[in-house]
$ cat query.cif   # mmCIF, C-alpha atoms
data_run
loop_
_atom_site.label_atom_id
_atom_site.label_comp_id
_atom_site.auth_asym_id
_atom_site.auth_seq_id
_atom_site.Cartn_x
_atom_site.Cartn_y
_atom_site.Cartn_z
CA MET A 217 -17.77 51.84 -12.02
CA SER A 218 -18.19 50.50 -8.51
CA PRO A 219 -15.69 47.90 -7.19
CA PHE A 220 -18.40 45.24 -7.34
CA GLN A 221 -19.09 45.96 -11.01
CA VAL A 222 -15.36 45.87 -11.81
CA LEU A 223 -15.07 42.48 -10.08
CA ARG A 224 -18.10 41.11 -11.90
CA VAL A 225 -16.77 42.20 -15.29
CA ALA A 226 -13.34 40.76 -14.51
CA ILE A 227 -14.73 37.38 -13.45
CA ARG A 228 -16.94 37.25 -16.54
CA ALA A 229 -13.91 37.93 -18.76
CA LEU A 230 -11.88 35.20 -17.05
CA LEU A 231 -14.69 32.65 -17.38
CA ARG A 232 -14.76 33.08 -21.15
CA ASN A 233 -11.54 31.05 -21.29
CA LYS A 234 -11.84 28.73 -18.31
CA LEU A 235 -9.03 26.36 -19.28
CA ARG A 236 -6.58 29.17 -20.04
CA SER A 237 -7.43 30.91 -16.78
CA PHE A 238 -6.91 27.69 -14.84
CA LEU A 239 -3.58 26.92 -16.52
CA THR A 240 -2.46 30.48 -15.82
CA THR A 241 -3.40 30.10 -12.17
CA LEU A 242 -1.66 26.73 -11.93
CA GLY A 243 1.77 28.38 -11.62
CA VAL A 244 0.58 30.37 -8.60
CA ILE A 245 -1.07 27.29 -7.07
CA ILE A 246 2.16 25.32 -7.35
CA GLY A 247 4.20 28.23 -5.98
CA VAL A 248 1.98 28.81 -2.94
CA SER A 249 1.67 25.10 -2.12
CA ALA A 250 5.45 24.67 -2.49
CA VAL A 251 6.14 27.58 -0.13
CA ILE A 252 3.79 26.19 2.52
CA ALA A 253 5.04 22.60 2.21
CA MET A 254 8.74 23.52 2.26
CA VAL A 255 8.43 25.86 5.24
CA ALA A 256 6.31 23.29 7.13
CA ILE A 257 8.97 20.63 6.61
CA GLY A 258 11.78 23.04 7.54
CA GLU A 259 10.01 24.20 10.70
CA GLY A 260 9.28 20.59 11.64
CA ALA A 261 12.94 19.71 11.21
CA LYS A 262 13.98 22.64 13.42
CA ALA A 263 11.48 21.57 16.07
CA ARG A 264 12.83 17.99 15.90
CA VAL A 265 16.39 19.25 16.40
CA ALA A 266 15.34 21.47 19.30
CA GLU A 267 13.44 18.57 20.89
CA ALA A 268 16.40 16.21 20.48
CA PHE A 269 18.81 18.64 22.14
CA ALA A 270 16.27 19.53 24.83
CA SER A 271 16.18 15.85 25.81
CA MET A 272 19.91 16.08 26.57
CA GLY A 273 19.22 18.81 29.13
CA SER A 274 19.46 22.58 29.16
CA ASN A 275 22.52 24.86 29.11
CA ILE A 276 24.90 21.92 29.33
CA LEU A 277 28.70 21.85 29.35
CA ILE A 278 30.70 18.63 29.51
CA VAL A 279 34.19 18.72 30.99
CA LEU A 280 36.52 15.92 29.84
CA SER A 281 39.94 14.87 31.09
CA GLY A 282 43.12 15.36 29.08
CA SER A 283 44.74 13.12 26.48
CA THR A 284 47.75 10.84 26.63
CA THR A 285 50.81 10.93 24.38
CA ALA A 286 52.89 7.77 23.93
CA GLY A 287 55.39 7.01 21.17
CA GLY A 288 54.15 9.98 19.16
CA ALA A 289 50.56 8.71 19.27
CA ARG A 290 48.07 10.99 21.00
CA GLY A 291 45.01 9.60 22.73
CA GLY A 292 41.67 11.36 22.70
CA PHE A 293 40.28 13.54 25.46
CA GLY A 294 39.46 11.44 28.49
CA SER A 295 42.31 9.00 27.92
CA MET A 296 44.42 10.60 30.68
CA PRO A 297 42.75 11.33 34.04
CA THR A 298 43.30 14.96 34.97
CA LEU A 299 39.99 15.90 36.61
CA THR A 300 39.78 15.34 40.35
CA TRP A 301 36.97 15.14 42.86
CA GLU A 302 38.32 18.38 44.34
CA ASP A 303 37.92 20.00 40.89
CA LEU A 304 34.25 19.01 40.98
CA LYS A 305 33.82 20.55 44.43
CA ALA A 306 35.59 23.73 43.28
CA ILE A 307 33.32 24.07 40.22
CA ARG A 308 30.26 23.75 42.44
CA ALA A 309 31.56 26.25 44.99
CA GLU A 310 33.49 28.84 42.97
CA ALA A 311 31.91 29.06 39.50
CA SER A 312 29.04 31.49 40.06
CA ALA A 313 27.51 30.90 36.61
CA VAL A 314 27.18 27.15 37.29
CA ARG A 315 23.88 25.90 38.70
CA TYR A 316 24.63 22.17 38.97
CA ALA A 317 27.64 19.93 38.39
CA ALA A 318 27.76 16.14 38.58
CA PRO A 319 30.25 13.36 37.80
CA GLN A 320 29.47 11.01 34.94
CA LEU A 321 31.13 7.56 35.20
CA ARG A 322 30.23 4.90 32.67
CA SER A 323 30.75 1.21 31.98
CA ASN A 324 28.91 -1.59 30.19
CA SER A 325 27.81 -4.70 32.05
CA PRO A 326 25.03 -7.32 32.07
CA VAL A 327 22.13 -6.62 34.42
CA VAL A 328 20.37 -9.76 35.66
CA SER A 329 16.86 -10.12 37.06
CA GLU A 330 15.30 -13.39 38.26
CA ASP A 331 14.86 -14.86 34.78
CA GLN A 332 16.22 -12.29 32.29
CA ASN A 333 19.45 -10.46 31.58
CA TRP A 334 20.36 -7.42 29.51
CA THR A 335 23.72 -5.79 28.79
CA THR A 336 23.46 -2.04 29.10
CA SER A 337 25.24 1.15 30.15
CA ILE A 338 25.97 1.37 33.88
CA ASN A 339 26.37 4.95 35.08
CA GLY A 340 27.66 6.35 38.33
CA THR A 341 26.59 9.87 39.21
CA SER A 342 25.02 12.13 41.85
CA PRO A 343 21.48 13.52 42.31
CA GLU A 344 22.38 16.75 40.47
CA TYR A 345 22.77 14.79 37.23
CA PHE A 346 19.01 14.34 36.86
CA GLN A 347 18.37 18.03 37.51
CA ILE A 348 20.91 18.93 34.81
CA ARG A 349 19.25 16.55 32.36
CA GLY A 350 15.72 17.58 33.37
CA TRP A 351 14.92 13.91 33.85
CA ALA A 352 11.84 13.05 35.87
CA LEU A 353 10.76 9.80 37.51
CA ALA A 354 8.03 7.53 36.22
CA SER A 355 7.81 5.78 39.60
CA GLY A 356 9.76 5.33 42.83
CA SER A 357 12.28 7.79 44.21
CA MET A 358 15.46 9.50 43.04
CA LEU A 359 18.99 8.89 44.23
CA SER A 360 19.81 10.97 47.30
CA GLN A 361 22.99 12.51 48.62
CA SER A 362 22.86 10.07 51.51
CA ASP A 363 23.00 7.23 48.95
CA VAL A 364 26.18 8.78 47.56
CA ASP A 365 27.73 9.36 50.98
CA SER A 366 27.06 5.81 52.20
CA GLY A 367 27.63 3.99 48.89
CA THR A 368 24.17 2.39 48.99
CA LYS A 369 23.53 -0.42 46.51
CA VAL A 370 20.51 1.16 44.81
CA VAL A 371 19.80 1.82 41.13
CA LEU A 372 17.49 3.75 38.84
CA LEU A 373 16.45 1.96 35.64
CA GLY A 374 15.62 3.41 32.24
CA GLN A 375 12.42 2.33 30.53
CA THR A 376 14.21 0.12 27.98
CA VAL A 377 16.01 -1.82 30.73
CA VAL A 378 12.73 -2.30 32.61
CA ALA A 379 11.05 -3.65 29.47
CA LYS A 380 13.90 -6.10 28.79
CA LEU A 381 14.17 -7.39 32.35
CA PHE A 382 10.61 -7.27 33.69
CA GLY A 383 8.28 -6.53 30.76
CA ALA A 384 7.02 -3.29 29.26
CA SER A 385 4.17 -2.78 31.75
CA ALA A 386 5.90 -4.18 34.86
CA ASP A 387 6.57 -2.14 38.00
CA ALA A 388 10.27 -2.64 38.71
CA VAL A 389 10.40 -0.53 41.90
CA GLY A 390 11.39 -2.73 44.84
CA GLN A 391 12.80 -5.47 42.61
CA THR A 392 16.37 -6.72 42.91
CA VAL A 393 18.83 -6.90 40.04
CA ARG A 394 22.39 -8.21 40.00
CA ILE A 395 25.30 -6.37 38.41
CA LYS A 396 28.68 -8.12 38.50
CA ASN A 397 27.21 -10.53 41.08
CA PHE A 398 26.26 -7.71 43.46
CA PRO A 399 22.57 -7.30 44.34
CA PHE A 400 21.07 -3.85 43.82
CA GLN A 401 17.62 -2.67 44.80
CA VAL A 402 15.60 -0.76 42.20
CA VAL A 403 14.42 2.40 43.94
CA GLY A 404 13.07 4.21 40.89
CA VAL A 405 12.20 4.02 37.20
CA LEU A 406 13.04 7.03 35.06
CA ALA A 407 10.53 8.60 32.67
CA SER A 408 11.04 7.86 28.99
CA LYS A 409 13.68 10.14 27.48
CA GLY A 410 13.83 8.87 23.89
CA GLN A 411 16.83 9.03 21.58
CA SER A 412 19.75 11.41 21.28
CA PRO A 413 20.41 13.37 18.03
CA MET A 414 22.88 10.59 17.13
CA GLY A 415 20.33 7.81 17.71
CA HIS A 416 21.52 6.69 21.17
CA ASP A 417 18.74 5.32 23.39
CA TYR A 418 18.78 7.35 26.62
CA ASP A 419 16.40 4.87 28.26
CA ASP A 420 18.81 1.96 27.83
CA ALA A 421 20.80 2.73 30.98
CA VAL A 422 21.16 2.06 34.70
CA TYR A 423 22.14 4.77 37.20
CA MET A 424 23.63 4.39 40.69
CA PRO A 425 25.57 6.56 43.18
CA HIS A 426 29.07 7.23 41.89
CA SER A 427 30.55 5.98 45.19
CA THR A 428 28.79 2.65 44.70
CA PHE A 429 29.93 2.55 41.07
CA GLN A 430 33.56 2.93 42.10
CA ALA A 431 33.30 0.36 44.88
CA LYS A 432 31.33 -2.35 43.06
CA ILE A 433 31.46 -1.81 39.28
CA GLN A 434 34.72 -0.17 38.32
CA GLY A 435 37.56 0.65 40.68
CA GLY A 436 38.30 4.32 41.12
CA LEU A 437 41.48 6.28 40.49
CA GLN A 438 41.68 7.59 44.04
CA LYS A 439 41.58 11.39 43.73
CA PHE A 440 40.88 11.39 39.96
CA ILE A 441 37.45 11.13 38.36
CA PRO A 442 37.39 8.13 35.96
CA GLY A 443 34.95 9.86 33.67
CA SER A 444 33.67 13.36 32.95
CA ILE A 445 31.86 16.21 34.68
CA ILE A 446 28.52 17.39 33.35
CA VAL A 447 27.61 20.99 34.16
CA SER A 448 24.46 23.08 33.83
CA ALA A 449 24.77 26.86 33.62
CA ALA A 450 22.36 29.06 35.54
CA SER A 451 20.72 30.18 32.26
CA SER A 452 21.31 30.05 28.52
CA ASP A 453 22.91 33.51 28.68
CA ASP A 454 25.31 32.27 31.37
CA VAL A 455 26.68 29.35 29.33
CA PRO A 456 29.67 31.29 27.86
CA ARG A 457 30.44 32.79 31.28
CA ALA A 458 30.24 29.38 32.95
CA GLU A 459 32.61 27.97 30.32
CA ARG A 460 35.13 30.78 30.94
CA GLN A 461 34.91 30.38 34.72
CA ILE A 462 35.43 26.62 34.55
CA ARG A 463 38.36 26.97 32.16
CA ASN A 464 40.08 29.60 34.29
CA LEU A 465 39.42 27.67 37.48
CA LEU A 466 40.79 24.36 36.16
CA ARG A 467 43.83 25.98 34.54
CA ASP A 468 44.63 27.62 37.86
CA ARG A 469 44.06 24.43 39.86
CA HIS A 470 46.09 22.30 37.43
CA ARG A 471 48.83 24.94 37.26
CA VAL A 472 48.73 25.10 33.47
CA PRO A 473 51.35 27.65 32.30
CA VAL A 474 50.23 30.73 30.39
CA GLY A 475 50.16 29.94 26.67
CA ALA A 476 50.10 26.15 27.21
CA ASP A 477 47.20 23.99 26.04
CA ASP A 478 44.51 22.97 28.51
CA ASP A 479 44.89 19.52 30.05
CA PHE A 480 41.12 19.12 29.79
CA SER A 481 38.37 19.83 27.28
CA ILE A 482 35.05 21.62 27.61
CA ARG A 483 32.28 20.80 25.16
CA ASN A 484 29.45 23.25 24.77
CA LEU A 485 26.29 21.40 23.73
CA ALA A 486 24.49 24.71 23.17
CA GLU A 487 26.96 25.49 20.38
CA MET A 488 26.33 22.07 18.84
CA ALA A 489 22.59 22.67 18.95
CA SER A 490 23.00 26.15 17.47
CA ALA A 491 25.19 24.84 14.63
CA ARG A 492 22.67 22.15 13.82
CA GLN A 493 19.82 24.66 13.89
CA GLU A 494 21.74 26.95 11.54
CA GLY A 495 22.23 24.06 9.13
CA VAL A 496 18.50 23.28 9.14
CA GLU A 497 17.65 26.98 8.69
CA THR A 498 20.00 27.18 5.70
CA ILE A 499 18.29 24.22 4.05
CA THR A 500 14.86 25.70 4.85
CA THR A 501 15.87 29.03 3.31
CA LEU A 502 17.11 27.25 0.19
CA LEU A 503 13.86 25.31 -0.17
CA LEU A 504 11.84 28.48 0.42
CA ALA A 505 13.85 30.31 -2.25
CA ILE A 506 13.15 27.53 -4.75
CA ALA A 507 9.45 27.66 -3.90
CA ALA A 508 9.44 31.47 -4.23
CA VAL A 509 10.96 31.15 -7.69
CA SER A 510 8.03 28.90 -8.62
CA LEU A 511 5.68 31.66 -7.48
CA LEU A 512 7.54 34.27 -9.52
CA VAL A 513 7.40 32.03 -12.59
CA GLY A 514 3.65 31.82 -12.05
CA GLY A 515 3.56 35.63 -11.97
CA ILE A 516 5.41 35.83 -15.27
CA GLY A 517 2.86 33.43 -16.74
CA ILE A 518 0.07 35.72 -15.56
CA MET A 519 1.76 38.74 -17.17
CA ASN A 520 2.12 36.85 -20.43
CA ILE A 521 -1.52 35.80 -20.52
CA MET A 522 -2.75 39.27 -19.55
CA LEU A 523 -0.71 40.82 -22.39
CA VAL A 524 -2.29 38.31 -24.78
CA SER A 525 -5.68 39.18 -23.33
CA VAL A 526 -5.12 42.90 -23.91
CA THR A 527 -4.22 42.23 -27.53
CA GLU A 528 -7.24 39.96 -28.04
CA ARG A 529 -9.64 42.44 -26.44
CA THR A 530 -8.32 45.64 -27.98
CA ARG A 531 -11.57 46.25 -29.88
CA GLU A 532 -13.61 45.56 -26.72
CA ILE A 533 -11.48 48.10 -24.81
CA GLY A 534 -12.07 50.66 -27.58
CA ILE A 535 -15.85 50.15 -27.44
CA ARG A 536 -15.86 50.53 -23.63
CA MET A 537 -13.90 53.75 -23.85
CA ALA A 538 -16.14 55.03 -26.65
CA VAL A 539 -19.24 54.62 -24.47
CA GLY A 540 -17.71 56.42 -21.51
CA ALA A 541 -15.28 54.12 -19.69
CA ARG A 542 -12.33 56.04 -18.28
CA PRO A 543 -8.72 54.79 -18.49
CA ARG A 544 -8.71 54.13 -14.78
CA ASP A 545 -11.78 51.87 -15.20
CA VAL A 546 -9.90 49.81 -17.80
CA LEU A 547 -6.81 49.77 -15.58
CA ALA A 548 -8.88 48.58 -12.63
CA GLN A 549 -10.55 45.83 -14.68
CA PHE A 550 -7.29 44.25 -15.83
CA LEU A 551 -5.68 44.62 -12.41
CA VAL A 552 -8.67 42.92 -10.81
CA GLU A 553 -8.49 40.11 -13.38
CA SER A 554 -4.83 39.55 -12.55
CA LEU A 555 -5.46 39.78 -8.81
CA THR A 556 -8.40 37.36 -9.09
CA LEU A 557 -6.19 34.78 -10.80
CA THR A 558 -3.51 34.98 -8.13
CA ALA A 559 -6.00 35.10 -5.25
CA PHE A 560 -7.68 31.97 -6.58
CA GLY A 561 -4.24 30.35 -6.89
CA GLY A 562 -3.40 31.30 -3.32
CA VAL A 563 -6.68 29.96 -1.90
CA VAL A 564 -6.33 26.66 -3.77
CA GLY A 565 -2.59 26.44 -3.05
CA VAL A 566 -3.03 26.53 0.74
CA PRO A 567 -4.86 23.19 1.17
CA LEU A 568 -2.68 21.62 -1.51
CA GLY A 569 0.45 22.76 0.36
CA VAL A 570 -0.86 21.37 3.64
CA LEU A 571 -1.76 18.10 1.90
CA ALA A 572 1.67 17.90 0.25
CA ALA A 573 3.43 18.48 3.58
CA ASN A 574 1.39 15.75 5.28
CA LEU A 575 1.99 13.32 2.42
CA LEU A 576 5.75 13.92 2.58
CA SER A 577 5.64 13.49 6.34
CA THR A 578 3.79 10.17 6.04
CA ARG A 579 5.87 8.86 3.13
CA PHE A 580 9.35 9.76 4.38
CA GLY A 581 8.78 10.22 8.12
CA TRP A 582 9.70 13.91 8.01
CA PRO A 583 8.36 16.11 10.82
CA VAL A 584 5.94 18.85 9.76
CA LEU A 585 5.04 22.05 11.60
CA LEU A 586 2.52 24.35 9.91
CA ARG A 587 2.80 28.08 10.60
CA MET A 588 -0.27 30.26 10.10
CA ASP A 589 1.86 33.36 9.55
CA ILE A 590 3.64 31.68 6.62
CA ILE A 591 0.30 30.65 5.11
CA VAL A 592 -0.98 34.23 5.36
CA ILE A 593 2.28 35.60 3.93
CA ALA A 594 2.19 33.11 1.03
CA VAL A 595 -1.37 34.08 0.10
CA ALA A 596 -0.60 37.81 0.50
CA PHE A 597 2.56 37.42 -1.59
CA SER A 598 0.56 35.75 -4.32
CA GLY A 599 -1.69 38.83 -4.35
CA VAL A 600 1.37 41.09 -4.59
CA VAL A 601 2.59 38.99 -7.52
CA GLY A 602 -0.78 39.47 -9.20
CA VAL A 603 -0.63 43.26 -8.83
CA ALA A 604 3.04 43.50 -9.76
CA PHE A 605 2.82 41.36 -12.88
CA GLY A 606 -0.62 42.62 -13.86
CA MET A 607 0.26 46.31 -13.68
CA TYR A 608 2.05 46.54 -17.02
CA PRO A 609 -0.68 44.80 -19.07
CA ALA A 610 -3.32 46.89 -17.24
CA GLN A 611 -1.47 50.14 -17.99
CA LYS A 612 -1.03 49.09 -21.59
CA ALA A 613 -4.78 48.53 -21.88
CA ALA A 614 -5.60 51.84 -20.17
CA ARG A 615 -3.33 53.80 -22.53
CA LEU A 616 -4.96 52.53 -25.72
CA ASP A 617 -6.36 55.22 -27.96
CA PRO A 618 -10.10 54.56 -28.39
CA ILE A 619 -10.05 55.36 -32.14
CA ASP A 620 -7.07 53.07 -32.81
CA ALA A 621 -8.65 50.37 -30.64
CA LEU A 622 -11.91 50.50 -32.62
CA ARG A 623 -9.96 50.13 -35.89
CA PHE A 624 -8.10 47.07 -34.54
CA GLU A 625 -8.96 43.83 -36.35
#

$ encode --input "query.cif" --output "structure tokens"
Amino acid sequence: MSPFQVLRVAIRALLRNKLRSFLTTLGVIIGVSAVIAMVAIGEGAKARVAEAFASMGSNILIVLSGSTTAGGARGGFGSMPTLTWEDLKAIRAEASAVRYAAPQLRSNSPVVSEDQNWTTSINGTSPEYFQIRGWALASGSMLSQSDVDSGTKVVLLGQTVVAKLFGASADAVGQTVRIKNFPFQVVGVLASKGQSPMGHDYDDAVYMPHSTFQAKIQGGLQKFIPGSIIVSAASSDDVPRAERQIRNLLRDRHRVPVGADDDFSIRNLAEMASARQEGVETITTLLLAIAAVSLLVGGIGIMNIMLVSVTERTREIGIRMAVGARPRDVLAQFLVESLTLTAFGGVVGVPLGVLAANLLSTRFGWPVLLRMDIIVIAVAFSGVVGVAFGMYPAQKAARLDPIDALRFE
């Protein structure tokens, strides 16, 4: 028999029991749709995590000061100033794996415009900070090194601060705001950055030269940095090397004895992002495994129905063999029937999986990212399930003795 004839006979046999065929296929439909929906949600979650950490900047290390110890109580990192402005210069000059380094000083204070006020985060830094964070301007100009050197009273505003002080669509460049009764000119408005992985609004902040911050907002500690140092490695591969170079450099500069604990702390945001990604991937793998089990259960259902079909059609198989059908023709027919069921389930399961993913995204606000390779793999796997679970019933049918089959009642 030609392949077309085998397919036609198989479809005709399946259509004799439409409801049973549909219910048999339902397990495959659910399995395929579950695989597509679960992977789409998992991939969307991974993309959301990557986007959230990308908004923090690339290849970032944060260097914090040491901790205090008083009366047996230990303060957290940053509670004891140990980082100096000379340390910052040394990191920039001597750590070859470091591309940029900038101070990060922070305080909270009301910012006042002509008729509005808003309490927000006031940050003192240098121009390198915005290159580390990959933060562009929406309008105006960036802070310059000359602003840092001369302690100019200029600020950059985040989008949230602009909306609260001047209105969402206002142009704040050139306006004057007051912070702790000092007037500052707005020289630029930063592009929207969104939220951090912990829900912090990056756009709810004001930035100024760190020299101005120390002179007008919060008094400095002379040679010590009253905050942290944010560092960007030259590339993602250079992050571990940059961390080692900074640690060795600071231990040497601070004369930390061999074997003693560091009097500073280095936080690797790349490791945090990697750990979070691994957690999401684990959950995705678990969901995919559950969905794959659904597909395998559907395959078992197909095997069960095909075995029943062989028993029901034993006499028909005997007649076909008696008039010249070869065992391989019978084998092909039952394999094609099984494959047709799973192929139909795969084709129907794809749009249902996409629909399920979109419904979950709309209902619960979960991100969704569809992958064509996963869709193709899910459909192909459903076909493999059809062949694998249809082989035994097909072989059983092909091995029937024609005489015994004709006697079957």

$ resolve_selection --input "query.cif" --expression "the PyMOL selection byres ((chain A and resi 322-335) around 12)" --output "MDAnalysis selection string"
chainID A and resid 319:321 336:341 371 373 376:383 388 391:402 420:426 429:430 432:436 441:445

$ residues_around --input "query.cif" --residues "range 355-357 of chain A" --least-positions-apart "5" --cutoff "12 Å" --atoms "all atoms listed in the file" --output "NGL selection string"
:A and (343 or 346 or 363 or 370-375 or 378 or 386-391 or 401-408)

$ residues_around --input "query.cif" --residues "Ala317 in chain A" --least-positions-apart "4" --cutoff "9 Å" --atoms "only C-alpha atoms" --output "list of chain:residue names"
A:Leu304, A:Lys305, A:Ile307, A:Arg308, A:Ser342, A:Glu344, A:Tyr345, A:Ile348, A:Ile445, A:Ile446, A:Val447, A:Ser448, A:Ala449

$ resolve_selection --input "query.cif" --expression "the PyMOL selection byres ((chain A and resi 245) around 6)" --output "list in words"
Leu242, Gly243, Val244, Ile246, Gly247, Val248, Gly561, Gly562 and Gly565 of chain A

$ resolve_selection --input "query.cif" --expression "the PyMOL selection byres ((chain A and resi 224-237) around 12)" --output "JSON list (two decimals) with C-alpha atoms, keeping the file's coordinate frame"
[["chain", "number", "residue", "atom", "x", "y", "z"],
["A", 217, "MET", "CA", -17.77, 51.84, -12.02],
["A", 218, "SER", "CA", -18.19, 50.50, -8.51],
["A", 219, "PRO", "CA", -15.69, 47.90, -7.19],
["A", 220, "PHE", "CA", -18.40, 45.24, -7.34],
["A", 221, "GLN", "CA", -19.09, 45.96, -11.01],
["A", 222, "VAL", "CA", -15.36, 45.87, -11.81],
["A", 223, "LEU", "CA", -15.07, 42.48, -10.08],
["A", 238, "PHE", "CA", -6.91, 27.69, -14.84],
["A", 239, "LEU", "CA", -3.58, 26.92, -16.52],
["A", 240, "THR", "CA", -2.46, 30.48, -15.82],
["A", 241, "THR", "CA", -3.40, 30.10, -12.17],
["A", 242, "LEU", "CA", -1.66, 26.73, -11.93],
["A", 243, "GLY", "CA", 1.77, 28.38, -11.62],
["A", 244, "VAL", "CA", 0.58, 30.37, -8.60],
["A", 517, "GLY", "CA", 2.86, 33.43, -16.74],
["A", 518, "ILE", "CA", 0.07, 35.72, -15.56],
["A", 520, "ASN", "CA", 2.12, 36.85, -20.43],
["A", 521, "ILE", "CA", -1.52, 35.80, -20.52],
["A", 522, "MET", "CA", -2.75, 39.27, -19.55],
["A", 524, "VAL", "CA", -2.29, 38.31, -24.78],
["A", 525, "SER", "CA", -5.68, 39.18, -23.33],
["A", 526, "VAL", "CA", -5.12, 42.90, -23.91],
["A", 528, "GLU", "CA", -7.24, 39.96, -28.04],
["A", 529, "ARG", "CA", -9.64, 42.44, -26.44],
["A", 532, "GLU", "CA", -13.61, 45.56, -26.72],
["A", 536, "ARG", "CA", -15.86, 50.53, -23.63],
["A", 545, "ASP", "CA", -11.78, 51.87, -15.20],
["A", 546, "VAL", "CA", -9.90, 49.81, -17.80],
["A", 547, "LEU", "CA", -6.81, 49.77, -15.58],
["A", 548, "ALA", "CA", -8.88, 48.58, -12.63],
["A", 549, "GLN", "CA", -10.55, 45.83, -14.68],
["A", 550, "PHE", "CA", -7.29, 44.25, -15.83],
["A", 551, "LEU", "CA", -5.68, 44.62, -12.41],
["A", 552, "VAL", "CA", -8.67, 42.92, -10.81],
["A", 553, "GLU", "CA", -8.49, 40.11, -13.38],
["A", 554, "SER", "CA", -4.83, 39.55, -12.55],
["A", 555, "LEU", "CA", -5.46, 39.78, -8.81],
["A", 556, "THR", "CA", -8.40, 37.36, -9.09],
["A", 557, "LEU", "CA", -6.19, 34.78, -10.80],
["A", 558, "THR", "CA", -3.51, 34.98, -8.13],
["A", 560, "PHE", "CA", -7.68, 31.97, -6.58],
["A", 561, "GLY", "CA", -4.24, 30.35, -6.89]]

$ closest_residue --input "query.cif" --among "A:Asn275, A:Asn574, A:Thr500, A:Ser481" --to "Gly350 in chain A" --atoms "only C-alpha atoms"
A:Asn275

$ atom_distance --input "query.cif" --atom1 "CA of Met607 in chain A" --atom2 "CA of Ala538 in chain A"
22.7 Å

$ residues_near_point --input "query.cif" --point "(7.0, 27.1, -8.6)" --cutoff "7 Å" --atoms "all atoms listed in the file" --output "list in words"
Gly243, Ile246, Gly247, Ala250, Ala507, Ala508, Val509, Ser510, Leu511, Val513 and Gly514 of chain A

$ atom_distance --input "query.cif" --atom1 "CA of Pro456 in chain A" --atom2 "CA of Glu310 in chain A"
15.8 Å

$ atom_distance --input "query.cif" --atom1 "CA of Ser249 in chain A" --atom2 "CA of Val563 in chain A"
9.7 Å

$ residues_around --input "query.cif" --residues "Ala306 in chain A" --least-positions-apart "6" --cutoff "10 Å" --atoms "all atoms listed in the file" --output "list in words"
Thr300, Ile462, Leu465, Leu466 and Arg469 of chain A

$ write_last_selection --input "query.cif" --atoms "C-alpha atoms" --output "CSV table (one decimal), in the frame of the given file"
chain,number,residue,atom,x,y,z
A,300,THR,CA,39.8,15.3,40.4
A,462,ILE,CA,35.4,26.6,34.6
A,465,LEU,CA,39.4,27.7,37.5
A,466,LEU,CA,40.8,24.4,36.2
A,469,ARG,CA,44.1,24.4,39.9
